[in-house]
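Colleague: The file below is entry-v1.txt, compact mmCIF, C-alpha atoms:
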```
# COMPACT_ATOMS: atom_id res chain seq x y z
CA MET Z 1 -12.88 2.70 7.67
CA LEU Z 2 -11.52 2.24 4.18
CA CYS Z 3 -8.13 0.52 4.10
CA TYR Z 4 -6.11 0.90 0.92
CA LEU Z 5 -3.36 -1.73 0.78
CA VAL Z 6 -0.54 -0.66 -1.54
CA ARG Z 7 2.45 -2.68 -2.61
CA HIS Z 8 5.51 -0.55 -3.37
CA GLY Z 9 6.50 0.11 -6.97
CA ILE Z 10 9.29 -1.52 -8.98
CA ALA Z 11 12.57 -1.28 -7.08
CA GLU Z 12 16.21 -1.82 -7.93
CA GLU Z 13 17.52 -5.32 -7.42
CA LEU Z 14 20.06 -5.69 -4.64
CA GLY Z 15 23.54 -5.12 -6.06
CA GLN Z 16 22.14 -3.34 -9.11
CA GLY Z 17 22.48 0.22 -7.81
CA LEU Z 18 23.94 2.04 -4.84
CA ALA Z 19 21.86 0.30 -2.16
CA GLU Z 20 23.99 -1.77 0.17
CA ASN Z 21 21.08 -3.69 1.72
CA ASP Z 22 17.44 -4.55 1.10
CA GLU Z 23 16.13 -1.70 3.27
CA GLU Z 24 17.85 0.92 1.09
CA ARG Z 25 16.70 -0.28 -2.34
CA PRO Z 26 15.01 2.65 -4.14
CA LEU Z 27 12.40 2.61 -6.87
CA THR Z 28 13.77 2.43 -10.39
CA LEU Z 29 13.04 5.26 -12.82
CA GLU Z 30 10.47 2.96 -14.45
CA GLY Z 31 9.02 2.22 -11.00
CA ILE Z 32 8.67 5.93 -10.25
CA GLU Z 33 7.03 6.68 -13.61
CA LYS Z 34 4.59 3.75 -13.39
CA MET Z 35 3.72 4.56 -9.78
CA GLN Z 36 3.05 8.21 -10.66
CA SER Z 37 0.67 7.14 -13.41
CA ALA Z 38 -1.00 4.49 -11.22
CA SER Z 39 -1.35 7.10 -8.47
CA LYS Z 40 -3.29 9.34 -10.88
CA GLY Z 41 -5.60 6.40 -11.62
CA PHE Z 42 -6.04 5.85 -7.88
CA PHE Z 43 -7.00 9.53 -7.56
CA GLN Z 44 -9.62 9.06 -10.30
CA LEU Z 45 -11.28 6.37 -8.14
CA ASP Z 46 -12.01 9.14 -5.60
CA PRO Z 47 -10.34 7.50 -2.60
CA ARG Z 48 -11.35 8.67 0.86
CA CYS Z 49 -7.79 8.53 2.12
CA GLN Z 50 -6.79 10.97 4.86
CA LYS Z 51 -3.45 9.44 5.81
CA ILE Z 52 -0.75 7.13 4.51
CA LEU Z 53 1.19 4.77 6.76
CA THR Z 54 4.31 3.33 5.15
CA SER Z 55 6.97 0.76 5.79
CA PRO Z 56 10.30 2.39 6.68
CA LEU Z 57 12.03 0.74 3.69
CA VAL Z 58 13.11 3.26 1.05
CA ARG Z 59 11.06 1.85 -1.85
CA ALA Z 60 7.87 1.90 0.24
CA GLN Z 61 8.54 5.45 1.46
CA GLN Z 62 9.07 6.61 -2.13
CA THR Z 63 5.83 4.94 -3.20
CA ALA Z 64 3.98 6.56 -0.29
CA GLN Z 65 5.36 9.99 -1.18
CA ILE Z 66 4.21 9.64 -4.80
CA ILE Z 67 0.67 8.79 -3.67
CA ALA Z 68 0.71 11.50 -0.98
CA HIS Z 69 1.69 14.09 -3.57
CA THR Z 70 -1.19 13.03 -5.83
CA LEU Z 71 -3.79 12.88 -3.05
CA GLY Z 72 -2.53 15.77 -0.93
CA VAL Z 73 -2.28 13.77 2.30
CA GLU Z 74 0.43 13.23 4.91
CA VAL Z 75 2.73 10.23 5.26
CA GLU Z 76 3.75 8.59 8.52
CA ILE Z 77 6.42 5.91 8.83
CA GLU Z 78 5.03 2.79 10.50
CA GLN Z 79 7.56 0.20 11.65
CA ARG Z 80 4.86 -2.50 11.79
CA LEU Z 81 4.58 -2.32 7.98
CA ALA Z 82 8.20 -3.44 7.56
CA PRO Z 83 8.61 -7.06 6.45
CA GLY Z 84 7.60 -9.35 9.33
CA GLY Z 85 5.85 -6.52 11.20
CA ASN Z 86 3.19 -7.12 13.86
CA HIS Z 87 -0.15 -6.74 12.05
CA ALA Z 88 -2.30 -7.23 15.15
CA GLU Z 89 -0.61 -4.20 16.75
CA LEU Z 90 -0.88 -2.28 13.47
CA LEU Z 91 -4.65 -2.83 13.29
CA ASN Z 92 -5.06 -1.73 16.91
CA HIS Z 93 -3.07 1.41 16.10
CA MET Z 94 -5.28 2.08 13.07
CA LEU Z 95 -8.34 2.03 15.32
CA THR Z 96 -6.80 4.72 17.53
CA VAL Z 97 -5.98 6.91 14.52
CA ASN Z 98 -9.46 6.18 13.12
CA PRO Z 99 -9.45 8.14 9.86
CA GLY Z 100 -12.23 7.50 7.38
CA GLY Z 101 -9.64 6.12 5.00
CA ILE Z 102 -6.03 5.09 5.37
CA ALA Z 103 -3.45 3.76 2.91
CA LEU Z 104 -0.94 1.17 4.07
CA VAL Z 105 2.18 0.88 1.90
CA GLY Z 106 4.13 -2.33 2.35
CA HIS Z 107 5.62 -5.50 0.96
CA GLN Z 108 4.88 -9.07 -0.02
CA PRO Z 109 4.00 -11.51 1.42
CA ASP Z 110 2.99 -9.30 4.35
CA LEU Z 111 0.23 -7.48 2.42
CA THR Z 112 -1.43 -10.80 1.57
CA PHE Z 113 -1.50 -11.74 5.26
CA LEU Z 114 -2.71 -8.27 6.23
CA ALA Z 115 -5.51 -8.45 3.64
CA SER Z 116 -6.53 -11.83 5.03
CA ARG Z 117 -6.60 -10.47 8.58
CA LEU Z 118 -8.81 -7.56 7.47
CA LEU Z 119 -11.14 -9.80 5.44
CA THR Z 120 -11.37 -12.89 7.65
CA GLY Z 121 -9.86 -11.97 11.00
CA LYS Z 122 -7.15 -14.60 10.48
CA PRO Z 123 -3.52 -13.97 9.48
CA GLN Z 124 -3.30 -16.51 6.67
CA ALA Z 125 -2.49 -16.29 3.00
CA CYS Z 126 -5.46 -15.21 0.90
CA LEU Z 127 -6.14 -15.24 -2.80
CA LEU Z 128 -5.39 -11.56 -3.38
CA GLU Z 129 -2.21 -11.05 -5.35
CA PHE Z 130 -0.27 -7.86 -4.73
CA ARG Z 131 2.03 -7.29 -7.67
CA LYS Z 132 4.32 -4.28 -7.42
CA GLY Z 133 2.16 -1.14 -7.50
CA THR Z 134 -1.14 -2.97 -6.86
CA ILE Z 135 -3.74 -1.24 -4.65
CA GLY Z 136 -6.64 -2.98 -2.93
CA CYS Z 137 -9.50 -1.34 -1.05
CA ILE Z 138 -11.08 -3.08 1.95
CA GLU Z 139 -13.89 -1.67 4.06
CA TRP Z 140 -13.18 -2.64 7.68
CA SER Z 141 -15.02 -1.69 10.86
CA GLY Z 142 -12.45 -3.08 13.26
CA GLN Z 143 -15.13 -5.21 14.85
CA SER Z 144 -15.98 -7.68 12.11
CA HIS Z 145 -14.72 -9.12 8.86
CA GLY Z 146 -13.97 -6.63 6.15
CA LEU Z 147 -15.38 -6.36 2.66
CA LEU Z 148 -13.20 -6.24 -0.45
CA LEU Z 149 -14.46 -3.29 -2.50
CA TRP Z 150 -11.88 -3.41 -5.29
CA HIS Z 151 -8.41 -4.65 -6.17
CA ALA Z 152 -6.49 -3.04 -9.05
CA THR Z 153 -3.18 -3.86 -10.66
CA PRO Z 154 -0.93 -0.96 -11.65
CA LYS Z 155 -1.81 -1.56 -15.31
CA MET Z 156 -5.52 -1.16 -14.49
CA LEU Z 157 -4.82 2.02 -12.51
CA ARG Z 158 -2.76 3.47 -15.37
CA ARG Z 159 -5.67 2.79 -17.74
CA VAL Z 160 -8.03 4.59 -15.37
CA ALA Z 161 -5.61 7.54 -15.36
CA LYS Z 162 -5.73 7.66 -19.16
CA GLY Z 163 -9.52 7.44 -19.19
CA LYS Z 164 -9.62 4.04 -20.94
```
Starting from the file, lay out its structure as C-alpha cells.
Modeller:
Amino acid sequence: MLCYLVRHGIAEELGQGLAENDEERPLTLEGIEKMQSASKGFFQLDPRCQKILTSPLVRAQQTAQIIAHTLGVEVEIEQRLAPGGNHAELLNHMLTVNPGGIALVGHQPDLTFLASRLLTGKPQACLLEFRKGTIGCIEWSGQSHGLLLWHATPKMLRRVAKGK
C-alpha cells in the first residue's frame, strides 16, 4: 500500500482570527492558495490514492478537502490523526481498509513519528521533516518496514504543478 503523509497547510495563528482554540484554526488565504497549487503538483506525480484520512482539526480537514477535490477521492475524518493520536491503532485500521493508496493528513510532530513507524516499525523521531504542506510517499506492506519513495516540500510540488 502507498501511504501519502501530508502535513496541513499554513494556518492562522491562535488569536489571529476567529478561532477560539487550536482545533478550530483554519488555513489562511495564503495557505489555501499554496495548498491548491501543491495539490496540483501532487496530482502530476500520478498518486495512487483512493482515500484520504484526516485529523478532525479544521486546518487538516481543509487541507484534505483541497487534495480530495484535485484527486477526486473521498475524505474520512480519523480521530487517531489528531495530535497525540494512537498510531498503532491507526495502522491496524489502515490494513482493514486496505486501499492501494491512502493519504493521511495530520500534524507535527505526529507525522514524523508516524513516518518512523512506517519505515522502521518503531515510533521514534526520524529525519524526515514535514513543513506545512509537505507530502511524503511511503510504500508499506503492513508486515515489514516501509520504503520511502519520495518526500516533497510544498515549494517542490508547486514547481511540479508549473512544469518546472
Colleague: What is the atom CA of Met35 of chain Z to atom CA of Leu71 of chain Z distance in Å?
Modeller: 13.1 Å
Colleague: Can you measure atom CA of Ala161 of chain Z to atom CA of Lys40 of chain Z for me? One decimal in Å is fine.
Modeller: 5.4 Å
Colleague: Counting all atoms listed in the file, which residue out of Z:Pro26, Z:Ile67, Z:Gly121, Z:Lys155 sits closest to Val105 of chain Z?
Modeller: Z:Ile67
Colleague: Quick one: of Z:Ala152, Z:Leu53, Z:Cys3, Z:Leu95, who's nearest to Gln65 of chain Z, counting only C-alpha atoms?
Modeller: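 That would be Z:Leu53, the residue with the smallest distance to Gln65 of chain Z.
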Colleague: Please indicate the distance in Å from atom CA of Trp150 of chain Z to atom CA of Gly136 of chain Z, rounded to one decimal place.
Modeller: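 If I compute the distance from atom CA of Trp150 of chain Z to atom CA of Gly136 of chain Z, I get 5.8 Å.
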Colleague: What's around Ala11 of chain Z at 9 Å? Count all atoms listed in the file, leave out sequence neighbours fewer than 4 positions away in its own chain, and write the answer as a PyMOL selection string.
Modeller: chain Z and resi 25-32+59+132
Colleague: Rank Z:Ile10, Z:Ala68, Z:Ile52, Z:Ala38 by their smallest atom-to-atom distance to Arg158 of chain Z, using only C-alpha atoms, and report the top residue only.
Modeller: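 When distances to Arg158 of chain Z are compared using only C-alpha atoms, the smallest one comes from Z:Ala38.
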Colleague: For Leu157 of chain Z, please output as a list in words all residues within 9 Å (counting only C-alpha atoms; exclusion window: fewer than 4 positions along the same chain).
Modeller: Ser37, Ala38, Ser39, Lys40, Gly41, Phe42, Gln44, Leu45, Thr134, Ile135, Ala152, Thr153, Ala161 and Lys162 of chain Z
Colleague: Point out the residue among Z:Pro123, Z:Pro83, Z:Gly146, Z:Gly15 with the least atom-to-atom distance to Thr54 of chain Z, counting only C-alpha atoms.
Modeller: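 Nearest to Thr54 of chain Z: Z:Pro83.
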